Amino acid sequence: MPRGFRDLEAGCWEDSGEAWLYAERTYVFPGDKADVIRHYRAAAEREGWKPSKDQPASLCFTLGKADGATMLDVYFLTEEILEAEESKAGPEFSSGAGYRVAVTSTADGSATSCSN
């Protein structure tokens, strides 16, 4: 876990008028991004998550009765993302791949999908 980031962040937001639940954690892997991609793609599919039909090359998966009620997103952190969050990348980011694992769901369980 990189310094300066909480162990797990979770909560609810409704800035779009629709309530969403989320939980996310930030990691730094000392190896290659390709290793992170392979690991999460295999682990997600093994646990029953379905890869996004809209973005087949991304690491976004859905799970749930309503075909997409819950979304799992694994994405690499960029300077722009960290700046927007008013976070700073520690020295461990320079020797590996910083990424975030996020699980989100609409509060009412309605379908959602991966987006750009």
# chains A, B, ... in the order shown; residues from 1 in each chain; ligands from 1
$ residues_around --residues "Thr106 (chain A)" --least-positions-apart "5" --cutoff "8 Å" --atoms "only C-alpha atoms" --output "count of residues only"
8
$ select_by_dssp --residues "chain A" --states "helix (DSSP H, G or I)" --output "ChimeraX atom specification"
/A:33-46,79-84,91-95
$ write_last_selection --atoms "C-alpha atoms" --output "PDB file, in the first residue's frame"
ATOM      1  CA  LYS A  33       1.532  -3.235 -15.695  1.00  0.00           C
ATOM      2  CA  ALA A  34       1.019  -6.328 -17.854  1.00  0.00           C
ATOM      3  CA  ASP A  35       1.401  -8.521 -14.745  1.00  0.00           C
ATOM      4  CA  VAL A  36      -1.291  -6.505 -12.943  1.00  0.00           C
ATOM      5  CA  ILE A  37      -3.623  -6.835 -15.940  1.00  0.00           C
ATOM      6  CA  ARG A  38      -3.112 -10.600 -16.217  1.00  0.00           C
ATOM      7  CA  HIS A  39      -3.654 -11.124 -12.487  1.00  0.00           C
ATOM      8  CA  TYR A  40      -6.884  -9.137 -12.188  1.00  0.00           C
ATOM      9  CA  ARG A  41      -8.374 -10.383 -15.444  1.00  0.00           C
ATOM     10  CA  ALA A  42      -7.889 -14.017 -14.355  1.00  0.00           C
ATOM     11  CA  ALA A  43      -9.016 -13.414 -10.749  1.00  0.00           C
ATOM     12  CA  ALA A  44     -12.161 -11.499 -11.774  1.00  0.00           C
ATOM     13  CA  GLU A  45     -13.257 -14.070 -14.318  1.00  0.00           C
ATOM     14  CA  ARG A  46     -12.546 -16.907 -11.847  1.00  0.00           C
ATOM     15  CA  GLU A  79      -0.568  12.269 -12.713  1.00  0.00           C
ATOM     16  CA  GLU A  80      -3.865  13.878 -13.773  1.00  0.00           C
ATOM     17  CA  ILE A  81      -5.949  11.561 -11.572  1.00  0.00           C
ATOM     18  CA  LEU A  82      -3.713  12.159  -8.550  1.00  0.00           C
ATOM     19  CA  GLU A  83      -3.754  15.938  -9.084  1.00  0.00           C
ATOM     20  CA  ALA A  84      -7.556  15.962  -9.358  1.00  0.00           C
ATOM     21  CA  PRO A  91       8.572   7.416  -4.165  1.00  0.00           C
ATOM     22  CA  GLU A  92       7.148   3.897  -4.445  1.00  0.00           C
ATOM     23  CA  PHE A  93       5.143   5.007  -7.506  1.00  0.00           C
ATOM     24  CA  SER A  94       8.334   5.654  -9.474  1.00  0.00           C
ATOM     25  CA  SER A  95       9.470   2.028  -9.221  1.00  0.00           C
TER      26      SER A  95
END
$ closest_residue --among "A:Gly98, A:Val103, A:Ser87, A:Asp73" --to "Ala10 (chain A)" --atoms "only C-alpha atoms"
A:Val103
$ atom_distance --atom1 "CA of Val28 (chain A)" --atom2 "CA of Tyr75 (chain A)"
11.6 Å
$ select_by_dssp --residues "chain A" --states "strand (DSSP E or B)" --output "VMD selection string"
chain A and resid 9 to 13 20 to 29 50 to 51 60 to 63 70 to 76 97 to 106
$ closest_residue --among "A:Asp32, A:Glu47, A:Asp15, A:Glu9" --to "Phe76 (chain A)" --atoms "only C-alpha atoms"
A:Asp32
$ closest_residue --among "A:Cys60, A:Val74, A:Cys114, A:Cys12" --to "Ala97 (chain A)" --atoms "only C-alpha atoms"
A:Val74
$ atom_distance --atom1 "CA of Leu77 (chain A)" --atom2 "CA of Trp49 (chain A)"
22.3 Å
$ closest_residue --among "A:Ser105, A:Thr26, A:Ser113, A:Thr78" --to "Lys53 (chain A)" --atoms "only C-alpha atoms"
A:Ser113
$ closest_residue --among "A:Glu86, A:Gly31, A:Lys50, A:Leu63" --to "Tyr99 (chain A)" --atoms "only C-alpha atoms"
A:Gly31
